[in-house]
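S.K.: So here's query-v3.txt, just compact mmCIF, C-alpha atoms and all ligand atoms:
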# COMPACT_ATOMS: atom_id res chain seq x y z
CA MET W 1 -47.39 50.90 56.41
CA LYS W 2 -51.05 51.33 57.31
CA ILE W 3 -52.89 48.07 56.80
CA VAL W 4 -56.56 47.12 57.03
CA SER W 5 -58.11 43.70 56.59
CA GLY W 6 -61.32 42.05 57.63
CA MET W 7 -62.87 38.63 57.89
CA ARG W 8 -66.50 37.59 57.97
CA PRO W 9 -67.58 35.82 61.18
CA THR W 10 -68.78 32.51 59.76
CA GLY W 11 -67.68 30.09 62.48
CA LYS W 12 -64.51 28.74 63.98
CA LEU W 13 -61.29 28.98 62.00
CA HIS W 14 -59.52 26.01 60.49
CA LEU W 15 -55.95 25.31 59.46
CA GLY W 16 -56.65 26.60 55.95
CA HIS W 17 -57.63 30.01 57.35
CA TYR W 18 -54.50 30.02 59.46
CA LEU W 19 -52.07 29.13 56.69
CA GLY W 20 -53.83 31.27 54.09
CA VAL W 21 -54.63 34.43 56.04
CA ILE W 22 -53.93 34.65 59.75
CA ARG W 23 -50.30 33.52 59.65
CA ASN W 24 -49.68 36.34 57.21
CA TRP W 25 -51.46 38.88 59.45
CA VAL W 26 -49.33 37.77 62.40
CA GLU W 27 -46.19 38.46 60.36
CA LEU W 28 -47.43 41.79 59.02
CA GLN W 29 -48.28 43.17 62.45
CA LYS W 30 -44.61 43.01 63.44
CA GLU W 31 -43.60 45.77 61.05
CA ASN W 32 -46.81 47.58 60.20
CA ASP W 33 -49.65 49.56 61.67
CA CYS W 34 -52.45 46.99 61.35
CA ARG W 35 -56.21 47.04 61.86
CA PHE W 36 -58.13 43.78 61.72
CA PHE W 37 -61.88 43.79 61.94
CA VAL W 38 -64.87 41.47 62.13
CA ALA W 39 -66.86 42.10 58.94
CA ASP W 40 -70.27 41.33 60.42
CA TRP W 41 -72.22 43.53 58.02
CA HIS W 42 -70.53 41.72 55.18
CA ALA W 43 -71.49 38.39 56.72
CA LEU W 44 -75.13 39.43 56.56
CA SER W 45 -74.90 39.93 52.81
CA THR W 46 -74.93 36.16 52.32
CA SER W 47 -76.41 34.91 55.60
CA TYR W 48 -79.29 37.29 56.31
CA GLU W 49 -81.73 34.36 56.16
CA GLU W 50 -79.91 32.34 58.82
CA LYS W 51 -80.76 33.07 62.40
CA GLN W 52 -77.31 33.18 63.88
CA ASN W 53 -75.75 35.07 66.71
CA LEU W 54 -73.31 37.34 64.86
CA LYS W 55 -72.17 38.94 68.08
CA GLU W 56 -71.14 35.57 69.49
CA LEU W 57 -69.54 34.51 66.19
CA GLY W 58 -67.55 37.74 66.20
CA LEU W 59 -66.24 37.08 69.71
CA GLU W 60 -65.23 33.56 68.71
CA LEU W 61 -63.46 34.89 65.65
CA VAL W 62 -61.44 37.38 67.66
CA MET W 63 -60.65 34.65 70.18
CA ASP W 64 -59.25 32.53 67.32
CA TRP W 65 -57.21 35.46 66.00
CA ILE W 66 -55.61 36.16 69.33
CA ALA W 67 -54.95 32.50 70.04
CA ALA W 68 -53.30 32.32 66.62
CA GLY W 69 -50.95 35.17 67.48
CA ILE W 70 -52.64 38.44 66.59
CA ASP W 71 -51.40 40.76 69.30
CA PRO W 72 -53.94 43.33 70.49
CA GLN W 73 -51.06 45.45 71.86
CA ARG W 74 -49.74 45.86 68.33
CA SER W 75 -52.83 45.64 66.17
CA THR W 76 -56.21 47.30 66.45
CA ILE W 77 -59.02 44.76 66.55
CA PHE W 78 -62.55 46.02 66.05
CA VAL W 79 -66.06 45.14 64.91
CA GLN W 80 -67.34 46.71 61.70
CA SER W 81 -70.93 47.23 62.83
CA SER W 82 -69.75 49.10 65.93
CA ILE W 83 -68.22 51.82 63.79
CA LYS W 84 -71.20 53.47 62.13
CA GLU W 85 -68.93 55.54 59.90
CA HIS W 86 -68.54 52.46 57.68
CA ALA W 87 -72.25 52.69 56.92
CA GLU W 88 -72.16 56.44 56.51
CA LEU W 89 -69.33 56.31 54.00
CA TYR W 90 -70.97 53.34 52.25
CA VAL W 91 -74.07 55.48 51.60
CA LEU W 92 -72.01 58.23 50.01
CA LEU W 93 -69.90 55.83 47.94
CA ASN W 94 -73.05 54.10 46.69
CA MET W 95 -74.14 57.43 45.21
CA ILE W 96 -71.09 57.60 42.95
CA THR W 97 -70.48 53.95 42.09
CA PRO W 98 -71.68 52.97 38.61
CA LEU W 99 -73.76 49.79 38.60
CA GLY W 100 -71.68 48.47 35.71
CA TRP W 101 -68.59 48.19 37.91
CA LEU W 102 -70.52 46.00 40.34
CA GLU W 103 -72.35 43.91 37.79
CA ARG W 104 -69.15 43.14 35.89
CA ASN W 105 -67.28 42.13 39.07
CA PRO W 106 -66.07 38.54 38.41
CA THR W 107 -66.21 37.58 42.09
CA TYR W 108 -69.84 38.66 42.20
CA LYS W 109 -70.71 36.60 39.13
CA ASP W 110 -68.85 33.55 40.49
CA GLN W 111 -70.63 33.70 43.80
CA LEU W 112 -74.08 34.10 42.28
CA GLU W 113 -73.23 30.95 40.34
CA GLN W 114 -71.85 29.05 43.36
CA MET W 115 -74.42 30.03 45.96
CA LYS W 116 -77.45 28.80 44.08
CA ASN W 117 -78.87 27.56 47.40
CA LYS W 118 -79.11 31.11 48.73
CA GLU W 119 -81.14 34.05 47.57
CA ILE W 120 -78.46 36.68 47.20
CA HIS W 121 -79.94 38.83 44.47
CA THR W 122 -79.99 41.68 46.95
CA ALA W 123 -78.79 45.27 46.92
CA GLY W 124 -76.49 44.41 49.83
CA PHE W 125 -74.77 41.60 47.98
CA LEU W 126 -74.33 43.57 44.76
CA THR W 127 -72.83 46.47 46.69
CA TYR W 128 -70.59 44.29 48.85
CA PRO W 129 -67.45 45.84 47.28
CA VAL W 130 -68.72 49.35 48.04
CA LEU W 131 -68.91 48.55 51.73
CA GLN W 132 -65.50 46.93 51.46
CA ALA W 133 -64.13 50.11 49.87
CA ALA W 134 -65.54 52.11 52.79
CA ASP W 135 -63.85 49.70 55.27
CA ILE W 136 -60.51 50.31 53.64
CA ILE W 137 -60.41 54.00 52.77
CA LEU W 138 -61.96 55.16 56.02
CA TYR W 139 -58.61 54.38 57.66
CA GLY W 140 -56.36 55.59 54.86
CA ALA W 141 -55.08 52.05 54.41
CA GLU W 142 -52.04 51.82 52.14
CA GLY W 143 -52.01 48.03 51.97
CA VAL W 144 -54.69 45.37 52.11
CA PRO W 145 -53.70 41.73 52.56
CA ILE W 146 -56.15 39.67 50.50
CA GLY W 147 -56.55 36.40 48.67
CA GLU W 148 -56.94 35.99 44.92
CA ASP W 149 -60.76 36.12 45.02
CA GLN W 150 -60.66 39.60 46.56
CA ARG W 151 -58.56 41.25 43.84
CA PRO W 152 -61.54 42.59 41.88
CA HIS W 153 -62.90 44.13 45.08
CA LEU W 154 -59.67 45.98 45.67
CA GLU W 155 -59.64 47.19 42.10
CA ILE W 156 -63.16 48.58 42.58
CA THR W 157 -61.95 50.30 45.76
CA ARG W 158 -59.20 52.02 43.79
CA GLU W 159 -61.63 53.08 41.09
CA ILE W 160 -64.03 54.48 43.67
CA VAL W 161 -61.21 56.49 45.25
CA ARG W 162 -60.28 58.02 41.90
CA ARG W 163 -63.89 58.80 41.09
CA PHE W 164 -64.49 60.45 44.45
CA HIS W 165 -61.39 62.60 44.10
CA HIS W 166 -62.43 63.63 40.61
CA LEU W 167 -66.07 64.37 41.46
CA PHE W 168 -65.47 66.29 44.69
CA GLY W 169 -62.16 67.83 43.71
CA CYS W 170 -60.54 66.75 46.91
CA GLU W 171 -57.88 64.07 47.30
CA ILE W 172 -58.61 62.85 50.80
CA PHE W 173 -58.33 59.12 50.30
CA THR W 174 -55.41 56.79 49.76
CA GLU W 175 -55.46 54.33 46.86
CA PRO W 176 -54.70 51.06 48.64
CA LYS W 177 -52.29 48.49 47.25
CA GLU W 178 -53.15 44.83 47.26
CA MET W 179 -50.87 42.56 49.26
CA LEU W 180 -51.53 39.20 47.74
CA THR W 181 -51.06 36.42 50.27
CA PRO W 182 -48.68 33.79 48.94
CA MET W 183 -50.71 30.70 49.60
CA ALA W 184 -50.35 27.06 48.82
CA ARG W 185 -53.95 26.04 49.24
CA LEU W 186 -54.45 23.42 51.91
CA PRO W 187 -57.13 20.95 50.84
CA GLY W 188 -59.60 19.40 53.28
CA LEU W 189 -59.14 15.85 54.51
CA ASP W 190 -61.21 14.51 51.62
CA GLY W 191 -59.28 16.40 48.96
CA ARG W 192 -61.99 19.01 48.44
CA LYS W 193 -61.62 22.63 49.55
CA MET W 194 -61.25 22.81 53.33
CA SER W 195 -64.59 24.02 54.60
CA LYS W 196 -66.97 23.71 57.51
CA SER W 197 -69.76 22.70 55.16
CA TYR W 198 -67.80 19.69 53.84
CA ASN W 199 -66.93 18.50 57.33
CA ASN W 200 -63.32 17.97 56.27
CA ALA W 201 -61.47 20.59 58.28
CA ILE W 202 -58.93 20.63 61.08
CA TYR W 203 -59.92 23.44 63.43
CA LEU W 204 -57.60 25.64 65.42
CA THR W 205 -59.57 24.49 68.46
CA ASP W 206 -59.10 20.77 67.77
CA THR W 207 -57.41 18.66 70.46
CA SER W 208 -54.45 16.40 69.64
CA GLU W 209 -56.85 13.50 69.72
CA ASP W 210 -59.21 15.22 67.22
CA VAL W 211 -56.29 15.89 64.89
CA TRP W 212 -55.08 12.31 65.03
CA GLN W 213 -58.53 10.81 64.45
CA LYS W 214 -59.04 13.02 61.40
CA LEU W 215 -55.63 12.28 59.99
CA ARG W 216 -55.74 8.57 60.75
CA THR W 217 -58.80 8.07 58.55
CA ALA W 218 -57.63 10.34 55.72
CA LYS W 219 -57.15 8.64 52.33
CA THR W 220 -53.62 8.11 51.06
CA ASP W 221 -52.26 6.79 47.76
CA PRO W 222 -54.81 4.00 46.97
CA GLN W 223 -52.09 1.99 45.18
CA ARG W 224 -50.37 1.32 48.48
CA VAL W 225 -51.91 -1.81 49.90
CA ARG W 226 -48.95 -3.22 51.77
CA ARG W 227 -46.54 -1.17 53.86
CA ASN W 228 -43.64 -1.66 51.46
CA ASP W 229 -45.57 -1.01 48.25
CA PRO W 230 -43.97 1.98 46.52
CA GLY W 231 -46.25 5.03 46.71
CA ASN W 232 -46.75 8.29 44.90
CA PRO W 233 -46.84 11.24 47.31
CA GLU W 234 -48.18 13.49 44.57
CA VAL W 235 -51.58 11.81 44.70
CA CYS W 236 -51.67 11.76 48.49
CA LEU W 237 -53.37 14.36 50.60
CA VAL W 238 -51.18 13.72 53.60
CA PHE W 239 -48.23 14.83 51.51
CA ASP W 240 -49.97 18.16 50.81
CA TYR W 241 -50.13 18.64 54.56
CA HIS W 242 -46.45 17.81 54.89
CA LYS W 243 -45.59 20.35 52.22
CA ALA W 244 -47.60 23.01 54.02
CA LEU W 245 -46.47 22.22 57.55
CA SER W 246 -43.33 20.07 57.79
CA ASP W 247 -39.77 21.33 57.33
CA ASP W 248 -38.02 20.85 53.96
CA THR W 249 -35.78 18.00 55.09
CA THR W 250 -38.76 16.03 56.38
CA VAL W 251 -40.70 16.67 53.17
CA GLN W 252 -37.80 15.41 51.03
CA LYS W 253 -37.32 12.35 53.16
CA ILE W 254 -40.98 11.44 53.05
CA ASP W 255 -41.08 11.99 49.32
CA ALA W 256 -38.18 9.56 48.86
CA ASP W 257 -39.30 7.01 51.45
CA CYS W 258 -42.86 6.90 50.15
CA ARG W 259 -41.65 6.27 46.58
CA ALA W 260 -39.30 3.56 47.84
CA GLY W 261 -41.96 1.95 49.99
CA ALA W 262 -39.71 2.59 52.97
CA ILE W 263 -42.26 4.29 55.19
CA GLY W 264 -45.73 3.13 56.18
CA CYS W 265 -48.68 5.51 55.87
CA ILE W 266 -49.42 5.40 59.58
CA ASP W 267 -45.86 6.43 60.44
CA CYS W 268 -46.03 9.13 57.81
CA LYS W 269 -49.28 10.41 59.30
CA LYS W 270 -47.75 10.45 62.77
CA ILE W 271 -45.02 12.78 61.55
CA CYS W 272 -47.68 14.88 59.87
CA ALA W 273 -49.72 15.06 63.09
CA ALA W 274 -46.61 16.25 64.93
CA SER W 275 -46.17 19.05 62.38
CA ILE W 276 -49.77 20.11 62.87
CA GLU W 277 -49.31 20.01 66.63
CA ARG W 278 -46.36 22.37 66.36
CA VAL W 279 -48.80 24.95 64.97
CA LEU W 280 -51.77 24.22 67.23
CA GLU W 281 -50.08 23.71 70.57
CA PRO W 282 -48.98 27.33 71.07
CA MET W 283 -52.53 28.38 70.16
CA ARG W 284 -53.96 26.10 72.85
CA GLU W 285 -51.63 27.65 75.37
CA ARG W 286 -52.59 31.19 74.46
CA ARG W 287 -56.25 30.25 74.49
CA LEU W 288 -56.03 29.08 78.09
CA LYS W 289 -55.26 32.65 79.09
CA LEU W 290 -58.25 34.09 77.23
CA ASP W 291 -61.81 34.49 78.38
CA LYS W 292 -64.88 36.15 76.98
CA LYS W 293 -64.63 39.19 79.25
CA GLY W 294 -61.03 39.78 78.17
CA ILE W 295 -61.96 39.52 74.51
CA GLU W 296 -64.83 41.93 74.99
CA LYS W 297 -62.45 44.42 76.56
CA ILE W 298 -59.98 44.06 73.69
CA ILE W 299 -62.76 44.73 71.20
CA GLU W 300 -64.03 47.69 73.18
CA ASP W 301 -60.56 49.28 73.19
CA GLY W 302 -60.08 48.52 69.50
CA ASN W 303 -63.49 49.97 68.64
CA GLU W 304 -62.59 53.14 70.45
CA LYS W 305 -59.37 53.57 68.48
CA ALA W 306 -61.05 52.75 65.17
CA LYS W 307 -63.92 55.12 65.95
CA GLU W 308 -61.54 58.00 66.46
CA GLU W 309 -59.82 57.49 63.11
CA ALA W 310 -63.05 56.83 61.29
CA SER W 311 -64.87 59.87 62.60
CA SER W 312 -61.99 62.17 61.80
CA MET W 313 -61.97 60.89 58.20
CA MET W 314 -65.76 61.20 57.95
CA GLY W 315 -65.45 64.83 59.02
CA ARG W 316 -63.24 65.51 56.03
CA VAL W 317 -65.46 63.47 53.71
CA ASN W 318 -68.61 65.33 54.73
CA ASP W 319 -66.90 68.68 54.31
CA ALA W 320 -65.86 67.68 50.81
CA VAL W 321 -69.31 66.41 49.84
CA PHE W 322 -71.60 68.89 51.58
CA GLU W 323 -69.54 72.08 51.76
CA ILE W 324 -67.26 71.64 48.74
CA SER W 325 -64.48 72.27 51.19
CA CYS W 326 -61.26 70.36 50.95
CA HIS W 327 -58.87 69.70 53.77
CA ARG W 328 -56.67 66.68 53.94
N1 LIG W 401 -64.51 40.50 51.56
C1 LIG W 401 -63.49 40.01 52.45
C2 LIG W 401 -63.53 38.47 52.42
O1 LIG W 401 -64.56 37.89 52.21
C3 LIG W 401 -63.71 40.49 53.86
C4 LIG W 401 -63.55 41.96 53.95
C5 LIG W 401 -64.54 42.87 54.19
C6 LIG W 401 -62.34 42.68 53.78
N2 LIG W 401 -64.03 44.13 54.19
C7 LIG W 401 -62.69 44.05 53.95
C8 LIG W 401 -61.01 42.32 53.52
C9 LIG W 401 -61.73 45.05 53.84
C10 LIG W 401 -60.06 43.33 53.41
C11 LIG W 401 -60.42 44.69 53.57
O2 LIG W 401 -62.51 37.86 52.64
FE1 LIG W 402 -49.13 9.45 51.64
FE2 LIG W 402 -47.20 9.32 53.41
FE3 LIG W 402 -48.57 7.12 52.71
FE4 LIG W 402 -46.89 8.24 50.98
S1 LIG W 402 -46.36 7.33 52.95
S2 LIG W 402 -48.96 7.53 50.54
S3 LIG W 402 -47.12 10.42 51.48
S4 LIG W 402 -49.36 8.90 53.79
Mind converting the file's structure to structure tokens?

M.R.:
Amino acid sequence: MKIVSGMRPTGKLHLGHYLGVIRNWVELQKENDCRFFVADWHALSTSYEEKQNLKELGLELVMDWIAAGIDPQRSTIFVQSSIKEHAELYVLLNMITPLGWLERNPTYKDQLEQMKNKEIHTAGFLTYPVLQAADIILYGAEGVPIGEDQRPHLEITREIVRRFHHLFGCEIFTEPKEMLTPMARLPGLDGRKMSKSYNNAIYLTDTSEDVWQKLRTAKTDPQRVRRNDPGNPEVCLVFDYHKALSDDTTVQKIDADCRAGAIGCIDCKKICAASIERVLEPMRERRLKLDKKGIEKIIEDGNEKAKEEASSMMGRVNDAVFEISCHR
């Protein structure tokens, strides 16, 4: 299956990104024809006021992907703003997208509400899903792995496809299917959403020492004062990490031992740290073999492949729009 997905370059990836998104991409690439791209234009829609080096952030993002197991031999990795066809198609799609679809978008309304600290009443932010539609249909993607918050955007993509086909009498696009990522959300170390801005994240680049320091100071069941006080794993963050990262037998044993007061929190956290290390250690090893030059080359090659596909599709789109000529 043809798959496209993108991620905004907003800084280094944490364990939540890995478990929620990247781990899934790594699996998908084994059996599918995948394209993963750095959505740097999309990043600007919310961060245009911040002076940040998007090029550098993009390189870091791709470095994290590859360290986490995205294989550039299997998957095409590219940068959105390097493929100008995204912008070209975005212009055309903007012409046919009713404002109502964008204004009613629940994700849009939520984010306006949540990002009160930013001025995002911009054309770019309102039309975010139009650019996303262009990203997807430019490559004839059949499937798009996304999280819950992106479902409305994919629905808008499908509506835009149908409207284009109807208006220009030419069925050149594919209506993509959503591939909802099954995700047990991993909270941050303070129980809030894991996020850079809350300073509560475990990063894919953290050392073993970093991981242990963060885990060591994490809150556990406050009722447990002494080591053999019975605890309740359900109110403990460390247990969430076990559920996400430890094997079933370990999870069951910790559940029972915690309730019986048979395991101390420090010992429990040590087991948890080991489970995290099992995920991070292979990434550290892969990262040792990567350098900036190599990443740049991977992106260059990926851009070239993406460009070829994108320009061939844009040829057909422009024929349909400007010459009322339809060829699939
Ligand atoms: N909007 C997506 C997000 O914030 C990123 C994205 C941009 C994307 N274009 C895409 C995801 C195309 C899938 C397909 O997560
Ligand atoms: Fe949490 Fe483990 Fe302590 Fe129970 S034993 S409270 S699960 S850290």

S.K.: Using only C-alpha atoms, which residues sit within 9 Å of Thr207 of chain W once same-chain residues fewer than 4 positions away are excluded, as a PDB file with C-alpha atoms, in the frame of the given file?

M.R.:
ATOM      1  CA  TYR W 203     -59.920  23.440  63.430  1.00  0.00           C
ATOM      2  CA  VAL W 211     -56.290  15.890  64.890  1.00  0.00           C
ATOM      3  CA  TRP W 212     -55.080  12.310  65.030  1.00  0.00           C
ATOM      4  CA  LEU W 280     -51.770  24.220  67.230  1.00  0.00           C
ATOM      5  CA  GLU W 281     -50.080  23.710  70.570  1.00  0.00           C
ATOM      6  CA  ARG W 284     -53.960  26.100  72.850  1.00  0.00           C
TER       7      ARG W 284
END

S.K.: How would you write, as a JSON list (two decimals) with C-alpha atoms, in the frame of the given file, the set of residues no farther than 7 Å from ligand LIG 401 (chain W) when counting only C-alpha atoms and all ligand atoms?

M.R.:
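Generated file (result-v8.json):
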[["chain", "number", "residue", "atom", "x", "y", "z"],
["W", 4, "VAL", "CA", -56.56, 47.12, 57.03],
["W", 5, "SER", "CA", -58.11, 43.70, 56.59],
["W", 6, "GLY", "CA", -61.32, 42.05, 57.63],
["W", 7, "MET", "CA", -62.87, 38.63, 57.89],
["W", 8, "ARG", "CA", -66.50, 37.59, 57.97],
["W", 39, "ALA", "CA", -66.86, 42.10, 58.94],
["W", 42, "HIS", "CA", -70.53, 41.72, 55.18],
["W", 132, "GLN", "CA", -65.50, 46.93, 51.46],
["W", 133, "ALA", "CA", -64.13, 50.11, 49.87],
["W", 135, "ASP", "CA", -63.85, 49.70, 55.27],
["W", 136, "ILE", "CA", -60.51, 50.31, 53.64],
["W", 144, "VAL", "CA", -54.69, 45.37, 52.11],
["W", 145, "PRO", "CA", -53.70, 41.73, 52.56],
["W", 146, "ILE", "CA", -56.15, 39.67, 50.50],
["W", 150, "GLN", "CA", -60.66, 39.60, 46.56]]

S.K.: As a PyMOL selection string, please: every protein or nucleic acid residue near ligand LIG 402 (chain W) (cut-off 7 Å, counting only C-alpha atoms and all ligand atoms).

M.R.: chain W and resi 220-221+224+231-233+236-239+254-255+258+263-266+268-269

S.K.: Within 8 Å of (-51.3, 16.6, 59.3), only C-alpha atoms: residues as a list in words?

M.R.: Val211, Leu215, Val238, Tyr241, His242, Leu245, Lys269, Lys270, Ile271, Cys272, Ala273, Ala274, Ser275 and Ile276 of chain W

S.K.: If we count only C-alpha atoms and set the cut-off at 12 Å, which residues sit around Thr205 of chain W, ignoring sequence neighbours fewer than 2 positions away in its own chain? Please answer as a PyMOL selection string.

M.R.: chain W and resi 11-15+18+60-61+63-65+67-68+201-203+207-211+277+279-288

S.K.: For Asp33 of chain W, which of W:Val91, W:Ala134, W:Ile77, W:Leu112 is the closest residue, counting all atoms listed in the file?

M.R.: W:Ile77

S.K.: Using only C-alpha atoms, pick whichever of W:Val79, W:Met313, W:Val235, W:Ala87 has the shortest atom-to-atom distance to Gly191 of chain W.

M.R.: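 Ranking W:Val79, W:Met313, W:Val235, W:Ala87 by distance to Gly191 of chain W, first place goes to W:Val235.
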
S.K.: Kindly indicate which residue among W:Glu308, W:Glu234, W:Asp240, W:Asp206 lies nearest to Asp190 of chain W, using all atoms listed in the file for the distances.

M.R.: W:Asp240

S.K.: Restricting the calculation to all atoms listed in the file, which member of W:Gly16, W:Gly124, W:Gly140, W:Pro98 is positioned closest to Ala310 of chain W?

M.R.: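 Nearest to Ala310 of chain W: W:Gly140.
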
S.K.: Select, from W:Phe322, W:Tyr90, W:Trp25, W:Tyr108, the residue with the minimum atom-to-atom distance to Pro152 of chain W, counting only C-alpha atoms.

M.R.: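 Answer, going by the shortest atom-to-atom distance: W:Tyr108.
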
S.K.: Would you mind completing segment 307-326 of chain W to N, CA, C and O atoms and writing the output as a compact mmCIF listing (two decimals), keeping the file's coordinate frame?

M.R.:
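rebuild05.txt, written as the output of this step:
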# COMPACT_ATOMS: atom_id res chain seq x y z
N LYS W 307 -62.89 54.07 65.99
CA LYS W 307 -63.92 55.12 65.95
C LYS W 307 -63.29 56.50 65.78
O LYS W 307 -63.77 57.34 65.02
N GLU W 308 -62.20 56.71 66.50
CA GLU W 308 -61.54 58.00 66.46
C GLU W 308 -61.03 58.31 65.05
O GLU W 308 -61.28 59.37 64.49
N GLU W 309 -60.34 57.32 64.47
CA GLU W 309 -59.82 57.49 63.11
C GLU W 309 -60.94 57.68 62.11
O GLU W 309 -60.89 58.54 61.24
N ALA W 310 -61.97 56.84 62.26
CA ALA W 310 -63.05 56.83 61.29
C ALA W 310 -63.83 58.15 61.34
O ALA W 310 -64.20 58.70 60.30
N SER W 311 -64.04 58.66 62.53
CA SER W 311 -64.87 59.87 62.60
C SER W 311 -64.08 61.08 62.11
O SER W 311 -64.65 61.99 61.51
N SER W 312 -62.78 61.06 62.31
CA SER W 312 -61.99 62.17 61.80
C SER W 312 -62.01 62.15 60.25
O SER W 312 -62.18 63.20 59.62
N MET W 313 -61.89 60.98 59.66
CA MET W 313 -61.97 60.89 58.20
C MET W 313 -63.36 61.30 57.70
O MET W 313 -63.49 62.04 56.72
N MET W 314 -64.40 60.85 58.39
CA MET W 314 -65.76 61.20 57.95
C MET W 314 -66.00 62.70 58.01
O MET W 314 -66.76 63.25 57.20
N GLY W 315 -65.35 63.37 58.95
CA GLY W 315 -65.45 64.83 59.02
C GLY W 315 -64.97 65.44 57.72
O GLY W 315 -65.64 66.28 57.10
N ARG W 316 -63.81 64.96 57.26
CA ARG W 316 -63.24 65.51 56.03
C ARG W 316 -64.10 65.15 54.82
O ARG W 316 -64.30 65.95 53.91
N VAL W 317 -64.63 63.91 54.84
CA VAL W 317 -65.46 63.47 53.71
C VAL W 317 -66.72 64.33 53.62
O VAL W 317 -67.08 64.82 52.54
N ASN W 318 -67.37 64.55 54.75
CA ASN W 318 -68.61 65.33 54.73
C ASN W 318 -68.36 66.77 54.33
O ASN W 318 -69.18 67.38 53.63
N ASP W 319 -67.23 67.33 54.74
CA ASP W 319 -66.90 68.68 54.31
C ASP W 319 -66.74 68.72 52.79
O ASP W 319 -67.22 69.65 52.13
N ALA W 320 -66.07 67.69 52.26
CA ALA W 320 -65.86 67.68 50.81
C ALA W 320 -67.18 67.54 50.07
O ALA W 320 -67.43 68.21 49.07
N VAL W 321 -68.06 66.69 50.56
CA VAL W 321 -69.31 66.41 49.84
C VAL W 321 -70.34 67.51 50.04
O VAL W 321 -70.99 67.94 49.09
N PHE W 322 -70.48 67.99 51.28
CA PHE W 322 -71.60 68.89 51.58
C PHE W 322 -71.22 70.38 51.57
O PHE W 322 -72.08 71.24 51.47
N GLU W 323 -69.94 70.66 51.70
CA GLU W 323 -69.54 72.08 51.76
C GLU W 323 -68.52 72.43 50.69
O GLU W 323 -67.94 73.52 50.72
N ILE W 324 -68.28 71.46 49.77
CA ILE W 324 -67.26 71.64 48.74
C ILE W 324 -65.98 72.24 49.33
O ILE W 324 -65.33 73.08 48.75
N SER W 325 -65.66 71.74 50.53
CA SER W 325 -64.48 72.27 51.19
C SER W 325 -63.46 71.15 51.37
O SER W 325 -63.81 70.07 51.84
N CYS W 326 -62.25 71.44 50.98
CA CYS W 326 -61.26 70.36 50.95
C CYS W 326 -60.16 70.58 51.95
O CYS W 326 -59.41 71.54 51.88
